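J.: Quick one: the structure is below, and I'll ask about it shortly.
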Amino acid sequence: MATIQLRTQIPGPKSSALSRRRAAAVPRGLSQATPIYVAKAEGAVLEDVDGNRYLDFAGGIGCLNTGHRAPGVLSAIRKQLDKFLHVCVQVTGYESYVRLAERLNQLTPGNFPKKTLFVNSGAEAVENAVKIARAATGRPGIIAFEDAFHGRTMLALSLTSKTHPYKAGFQPFPGEVYRIPYAYCYRCSYSLKYPSCDLYCARHLEDTFKRVVAHEAVAAVIAEPVLGEGGFVTPPQDFFRTLIEICRKYGVLFIADEVQSGFGRTGALFASERYGIEPDLIVTAKSIGGGLPLAAITGRRELMDAPGPGGLGGTFAGNPVACEAALAVLDMFEQEDLNARATALGARFQKRARAWQIRWPMIGDVRGLGAMQAIELVQSQDKREPAPEETSQITQSCYEHGLITISAGSYGNVIRLLMPLTISDAQLDEGLDVLEDALKAAHERKHEASAQPV
Ligand SMILES: Cc1ncc(COP(=O)(O)O)c(C=O)c1O
């Protein structure tokens, strides 16, 4: 039986009424991809306040790799609810914080002693990784990439690349942030082609130390192993290894921001593993908490211990309910082999998307790692001009037909897949049928428009 069930026009009357109340009560700066208000959720399914059922390919922007209300996560949360909700780890400790740190120290790539700090959000974790890198090296500079997204707090925003809507109007940003091109091969900043480029973009880091900022002033390079908001850009296999070699040569640390690529999305717990790299510091958030707010910085012991006592922390950071939820998420990954599931889901999507790309010239690129998959939409495959309007028409048509999808990319022309890894094959296929219909309709509209006599 189909999962998607639409009982009203979308959005339904109750969702529409809530949208009106929201418009009056909440600032417009908080965007909302769909005007739908959720009543309940389970696995990969959302039900709205009008009784309509949707497939969820957004997962709260990549926070629900284990699915909505995963039974193991719920039971861990319930047990903790009966004990205590908050004490603040800086006042009195609790075992789950320590146990979760121990497990992350074990599970993150790198066979060296590590420590982990917990905070509340991805942006807060990024900020703390920078604090730790600066304290450990005594250097101020951070090198970030074009098309990167590291969050919305001021330092994180300074590291984030996209101007509209994220950065414009919020200057001045904290300084000592330098930016270099990412390995976005589909839109190479140097107009080169992999592999004949010989990874010019990675090797260019050495040039940056000569022409932009002295290496002795740089604490760290921060990169997402697969770009999240930047459009699921997946660099060539040897990109990060080359980058890290240069970092090591100059005593510069490498921070992997795995907030979106982490926690099983790419077919390994961390995308860094897929690239065979061992970052000095790894930032995780989103799906680590199974739906609760939690983020972590895991890194080499000596770096993590660089800030003195009291230099790190936060009132709610590493909340006990969220720590228990995260431990249950880790159990689920072990027991249900969700990493293998991510790989299988990605392959199932790729097969279909490659066929779409042959049929419809609007699909410029199909890319991804594991279940972190996306399509980039263009006006034409040869010129590659971004197609942001068509992209938003397609995501709009998807939700009107019961599939929640979100876009990404510096040009707003990427449709990304962030469905729970617990989704069934039948549900994935049902969602992809909706996406396929929306792509077909967009192609036909474009074709008709170009066939119109002037
Ligand atoms: C790679 C990456 N880093 C950092 C962040 C910021 O995380 P948060 O929204 O939890 O602050 C995000 C959020 O999308 C992200 O994708």
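Following the order of the structure tokens, chains are lettered A, B, ..., residues in each are numbered from 1, and ligands are numbered from 1.
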Show me, as a ChimeraX atom specification, the residues that have an atom within 10 Å of Lys167 (chain A) when counting only C-alpha atoms, minus same-chain residues fewer than 5 positions from it.
T.: /A:152,154,157-158,160-162,172-173
J.: Pick out the residues sitting within 7 Å of region 10-26 of chain A, and hand them over as a list in words; count only C-alpha atoms, and ignore anything fewer than 5 positions along from it in its own chain.
T.: Pro35, Ile36, Tyr37, Val49, Asp50 and Glu400 of chain A
J.: Can you tell me which residues surround Pro386 (chain A) at a distance of at most 12 Å, considering only C-alpha atoms, apart from same-chain residues fewer than 4 positions away, and format the answer as a list in words?
T.: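 The residues satisfying every condition are Tyr186, Arg187, Met362, Ile363, Gly364, Asp365, Ile375, Glu376, Leu377, Val378, Gln379, Ser380, Gln381, Asp382, Glu390, Thr391, Ser392, Ala408, Gly409, Ser410, Tyr411, Gly412, Asn413 and Val414 of chain A.
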J.: Got time to write the residues from that selection, N, CA, C and O atoms, as an mmCIF file, in the first residue's frame?
T.:
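Okay, this is what ended up in out.cif:
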data_model
loop_
_atom_site.group_PDB
_atom_site.id
_atom_site.type_symbol
_atom_site.label_atom_id
_atom_site.label_comp_id
_atom_site.auth_asym_id
_atom_site.auth_seq_id
_atom_site.Cartn_x
_atom_site.Cartn_y
_atom_site.Cartn_z
ATOM 1 N N TYR A 186 32.392 19.782 -10.954
ATOM 2 C CA TYR A 186 31.384 20.123 -11.963
ATOM 3 C C TYR A 186 31.470 21.605 -12.332
ATOM 4 O O TYR A 186 31.089 22.002 -13.432
ATOM 5 N N ARG A 187 31.924 22.417 -11.382
ATOM 6 C CA ARG A 187 32.094 23.860 -11.645
ATOM 7 C C ARG A 187 33.496 24.281 -11.198
ATOM 8 O O ARG A 187 33.657 25.164 -10.353
ATOM 9 N N MET A 362 18.008 18.772 -18.341
ATOM 10 C CA MET A 362 18.007 19.646 -17.164
ATOM 11 C C MET A 362 18.869 19.104 -16.018
ATOM 12 O O MET A 362 19.279 19.844 -15.135
ATOM 13 N N ILE A 363 19.089 17.791 -16.057
ATOM 14 C CA ILE A 363 19.881 17.203 -14.966
ATOM 15 C C ILE A 363 21.349 17.234 -15.368
ATOM 16 O O ILE A 363 21.813 16.441 -16.192
ATOM 17 N N GLY A 364 22.063 18.180 -14.796
ATOM 18 C CA GLY A 364 23.452 18.387 -15.166
ATOM 19 C C GLY A 364 24.365 17.375 -14.509
ATOM 20 O O GLY A 364 25.242 16.799 -15.141
ATOM 21 N N ASP A 365 24.155 17.155 -13.217
ATOM 22 C CA ASP A 365 25.073 16.288 -12.478
ATOM 23 C C ASP A 365 24.283 15.414 -11.506
ATOM 24 O O ASP A 365 23.301 15.871 -10.909
ATOM 25 N N ILE A 375 20.969 15.739 -7.170
ATOM 26 C CA ILE A 375 21.043 16.073 -8.595
ATOM 27 C C ILE A 375 21.194 17.583 -8.705
ATOM 28 O O ILE A 375 20.589 18.326 -7.930
ATOM 29 N N GLU A 376 22.012 18.027 -9.643
ATOM 30 C CA GLU A 376 22.176 19.469 -9.881
ATOM 31 C C GLU A 376 21.468 19.825 -11.184
ATOM 32 O O GLU A 376 21.727 19.215 -12.232
ATOM 33 N N LEU A 377 20.571 20.819 -11.103
ATOM 34 C CA LEU A 377 19.737 21.168 -12.252
ATOM 35 C C LEU A 377 20.291 22.384 -12.985
ATOM 36 O O LEU A 377 20.680 23.379 -12.370
ATOM 37 N N VAL A 378 20.308 22.259 -14.315
ATOM 38 C CA VAL A 378 20.911 23.308 -15.155
ATOM 39 C C VAL A 378 19.971 23.632 -16.318
ATOM 40 O O VAL A 378 19.047 22.879 -16.611
ATOM 41 N N GLN A 379 20.231 24.748 -16.963
ATOM 42 C CA GLN A 379 19.434 25.109 -18.140
ATOM 43 C C GLN A 379 19.770 24.181 -19.301
ATOM 44 O O GLN A 379 18.895 23.816 -20.071
ATOM 45 N N SER A 380 21.052 23.845 -19.420
ATOM 46 C CA SER A 380 21.440 22.896 -20.472
ATOM 47 C C SER A 380 22.712 22.183 -20.025
ATOM 48 O O SER A 380 23.534 22.762 -19.301
ATOM 49 N N GLN A 381 22.838 20.932 -20.458
ATOM 50 C CA GLN A 381 23.985 20.134 -19.974
ATOM 51 C C GLN A 381 25.315 20.665 -20.501
ATOM 52 O O GLN A 381 26.346 20.499 -19.859
ATOM 53 N N ASP A 382 25.313 21.331 -21.676
ATOM 54 C CA ASP A 382 26.606 21.803 -22.186
ATOM 55 C C ASP A 382 27.040 23.098 -21.510
ATOM 56 O O ASP A 382 28.180 23.239 -21.076
ATOM 57 N N GLU A 390 13.519 26.471 -11.695
ATOM 58 C CA GLU A 390 12.988 25.134 -12.002
ATOM 59 C C GLU A 390 13.143 24.227 -10.776
ATOM 60 O O GLU A 390 12.266 23.427 -10.463
ATOM 61 N N THR A 391 14.264 24.395 -10.054
ATOM 62 C CA THR A 391 14.499 23.571 -8.862
ATOM 63 C C THR A 391 13.414 23.821 -7.822
ATOM 64 O O THR A 391 12.845 22.879 -7.256
ATOM 65 N N SER A 392 13.086 25.104 -7.606
ATOM 66 C CA SER A 392 12.067 25.352 -6.571
ATOM 67 C C SER A 392 10.685 24.931 -7.057
ATOM 68 O O SER A 392 9.862 24.479 -6.258
ATOM 69 N N ALA A 408 19.517 22.687 -2.230
ATOM 70 C CA ALA A 408 20.812 23.095 -1.675
ATOM 71 C C ALA A 408 21.602 23.751 -2.797
ATOM 72 O O ALA A 408 21.097 23.945 -3.901
ATOM 73 N N GLY A 409 22.854 24.096 -2.480
ATOM 74 C CA GLY A 409 23.753 24.616 -3.515
ATOM 75 C C GLY A 409 23.878 26.125 -3.469
ATOM 76 O O GLY A 409 22.909 26.828 -3.170
ATOM 77 N N SER A 410 25.063 26.611 -3.781
ATOM 78 C CA SER A 410 25.294 28.064 -3.793
ATOM 79 C C SER A 410 24.385 28.743 -4.789
ATOM 80 O O SER A 410 24.067 29.921 -4.656
ATOM 81 N N TYR A 411 23.941 28.012 -5.814
ATOM 82 C CA TYR A 411 23.040 28.590 -6.816
ATOM 83 C C TYR A 411 21.596 28.132 -6.604
ATOM 84 O O TYR A 411 20.747 28.387 -7.470
ATOM 85 N N GLY A 412 21.325 27.441 -5.517
ATOM 86 C CA GLY A 412 19.957 26.991 -5.208
ATOM 87 C C GLY A 412 19.406 26.041 -6.259
ATOM 88 O O GLY A 412 18.188 25.989 -6.466
ATOM 89 N N ASN A 413 20.270 25.266 -6.909
ATOM 90 C CA ASN A 413 19.812 24.426 -8.024
ATOM 91 C C ASN A 413 20.109 22.946 -7.817
ATOM 92 O O ASN A 413 20.278 22.202 -8.781
ATOM 93 N N VAL A 414 20.197 22.547 -6.546
ATOM 94 C CA VAL A 414 20.484 21.141 -6.244
ATOM 95 C C VAL A 414 19.330 20.573 -5.416
ATOM 96 O O VAL A 414 18.852 21.226 -4.487
#
J.: Can you pull out every residue within 6 Å of Asp257 (chain A), counting only C-alpha atoms, but drop anything in the same chain fewer than 5 positions away, and send it as a list in words?
T.: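 Listed by chain and then number, they are Ala223, Glu224 and Val283 of chain A.
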J.: List all protein, DNA and RNA residues that have an atom no more than 6 Å from any atom of ligand 1, counting only C-alpha atoms and all ligand atoms, and report them as a list in words.
T.: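 So, counting only C-alpha atoms and all ligand atoms, the residues near ligand 1 are Ser121, Gly122, Ala123, Phe149, His150, Gly151, Glu224, Gly228, Glu229, Asp257, Glu258, Val259 and Gln260 of chain A.
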J.: I need the residues from that last selection saved to file as a PDB file, in the first residue's frame (with N, CA and C atoms), if you can.
T.:
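Written file, part23.pdb:
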ATOM      1  N   SER A 121      24.768  22.445  19.164  1.00  0.00           N
ATOM      2  CA  SER A 121      24.426  22.577  17.748  1.00  0.00           C
ATOM      3  C   SER A 121      25.687  22.502  16.901  1.00  0.00           C
ATOM      4  N   GLY A 122      25.469  22.337  15.593  1.00  0.00           N
ATOM      5  CA  GLY A 122      26.598  22.265  14.675  1.00  0.00           C
ATOM      6  C   GLY A 122      27.454  23.520  14.722  1.00  0.00           C
ATOM      7  N   ALA A 123      26.795  24.677  14.708  1.00  0.00           N
ATOM      8  CA  ALA A 123      27.539  25.941  14.707  1.00  0.00           C
ATOM      9  C   ALA A 123      28.375  26.073  15.984  1.00  0.00           C
ATOM     10  N   PHE A 149      29.375  25.495   4.217  1.00  0.00           N
ATOM     11  CA  PHE A 149      28.400  25.964   5.213  1.00  0.00           C
ATOM     12  C   PHE A 149      28.819  25.414   6.560  1.00  0.00           C
ATOM     13  N   HIS A 150      29.043  26.337   7.517  1.00  0.00           N
ATOM     14  CA  HIS A 150      29.470  25.887   8.844  1.00  0.00           C
ATOM     15  C   HIS A 150      28.549  26.397   9.943  1.00  0.00           C
ATOM     16  N   GLY A 151      27.440  27.079   9.587  1.00  0.00           N
ATOM     17  CA  GLY A 151      26.502  27.515  10.609  1.00  0.00           C
ATOM     18  C   GLY A 151      26.221  28.995  10.535  1.00  0.00           C
ATOM     19  N   GLU A 224      34.180  20.427   4.879  1.00  0.00           N
ATOM     20  CA  GLU A 224      33.170  19.366   4.917  1.00  0.00           C
ATOM     21  C   GLU A 224      33.642  18.281   3.944  1.00  0.00           C
ATOM     22  N   GLY A 228      27.515  20.016   2.400  1.00  0.00           N
ATOM     23  CA  GLY A 228      26.095  19.847   2.730  1.00  0.00           C
ATOM     24  C   GLY A 228      25.251  20.887   2.017  1.00  0.00           C
ATOM     25  N   GLU A 229      25.082  22.053   2.664  1.00  0.00           N
ATOM     26  CA  GLU A 229      24.269  23.116   2.062  1.00  0.00           C
ATOM     27  C   GLU A 229      24.838  23.547   0.708  1.00  0.00           C
ATOM     28  N   ASP A 257      34.386  19.019   9.176  1.00  0.00           N
ATOM     29  CA  ASP A 257      33.029  19.342   9.622  1.00  0.00           C
ATOM     30  C   ASP A 257      32.101  18.270   9.058  1.00  0.00           C
ATOM     31  N   GLU A 258      31.774  17.308   9.927  1.00  0.00           N
ATOM     32  CA  GLU A 258      30.939  16.175   9.502  1.00  0.00           C
ATOM     33  C   GLU A 258      29.514  16.339  10.032  1.00  0.00           C
ATOM     34  N   VAL A 259      29.100  17.587  10.212  1.00  0.00           N
ATOM     35  CA  VAL A 259      27.769  17.832  10.767  1.00  0.00           C
ATOM     36  C   VAL A 259      26.691  17.202   9.874  1.00  0.00           C
ATOM     37  N   GLN A 260      26.838  17.351   8.555  1.00  0.00           N
ATOM     38  CA  GLN A 260      25.822  16.789   7.659  1.00  0.00           C
ATOM     39  C   GLN A 260      26.268  15.446   7.058  1.00  0.00           C
TER      40      GLN A 260
END
J.: List the spatial neighbours of Ile288 (chain A) as a PyMOL selection string - criterion: any atom at most 8 Å away, only C-alpha atoms, same-chain residues fewer than 4 positions off excluded.
T.: chain A and resi 63+263+284+294-295+326+329
J.: Under the rule that only C-alpha atoms are counted, which of A:Pro235, A:Pro195, A:Gly141, A:Gly62 is the nearest residue to Arg179 (chain A)?
T.: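 Using only C-alpha atoms, the shortest distance to Arg179 (chain A) belongs to A:Gly141.
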J.: Extract, using only C-alpha atoms, all DNA, RNA and protein residues at most 12 Å from Ser424 (chain A), discarding same-chain residues fewer than 6 positions from it, and format them as a ChimeraX atom specification.
T.: /A:2-3,43-45,55,67,341-342,344-345,348,430-431
J.: DSSP on the backbone, then: every residue of region 136-305 of chain A marked strand (DSSP E), written as a ChimeraX atom specification.
T.: /A:141-145,177-180,218-223,253-257,281-284,295-300
J.: Rounded to one decimal place, report the CA of Leu64 (chain A)-CA of Gln427 (chain A) distance in Å.
T.: 15.8 Å
J.: Please, what distance in Å, to one decimal, runs between CA of His443 (chain A) and CA of Leu428 (chain A)?
T.: 22.2 Å
J.: Find, counting only C-alpha atoms, the residue in A:Gly230, A:Gly169, A:Ala33, A:His86 that gets nearest to Ala58 (chain A).
T.: A:Ala33
J.: Using DSSP secondary structure from the backbone, list all helix (DSSP H, G or I) positions within region 279-425 of chain A, as an MDAnalysis selection string.
T.: chainID A and resid 286:289 301:304 320:336 338:359 388:400 425
J.: Near Gln90 (chain A), within 12 Å and counting only C-alpha atoms, which residues show up once chain neighbours fewer than 3 positions away are dropped, as a ChimeraX atom specification?
T.: /A:86-87,93-94,97,117-118,309-319
J.: Please measure the separation of CA of Gly138 (chain A) and CA of Ala219 (chain A), giving the value in Å to one decimal.
T.: 7.3 Å
J.: Have a look at A:Ser191, A:Ser450, A:Gln350, A:Asn128 and name the one nearest to Thr153 (chain A); count only C-alpha atoms.
T.: A:Asn128
J.: Closest to Tyr178 (chain A) among A:Val213, A:Asp207, A:Tyr166, A:Gly60, using only C-alpha atoms?
T.: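 Once distances to Tyr178 (chain A) are computed over only C-alpha atoms, the minimum belongs to A:Val213.
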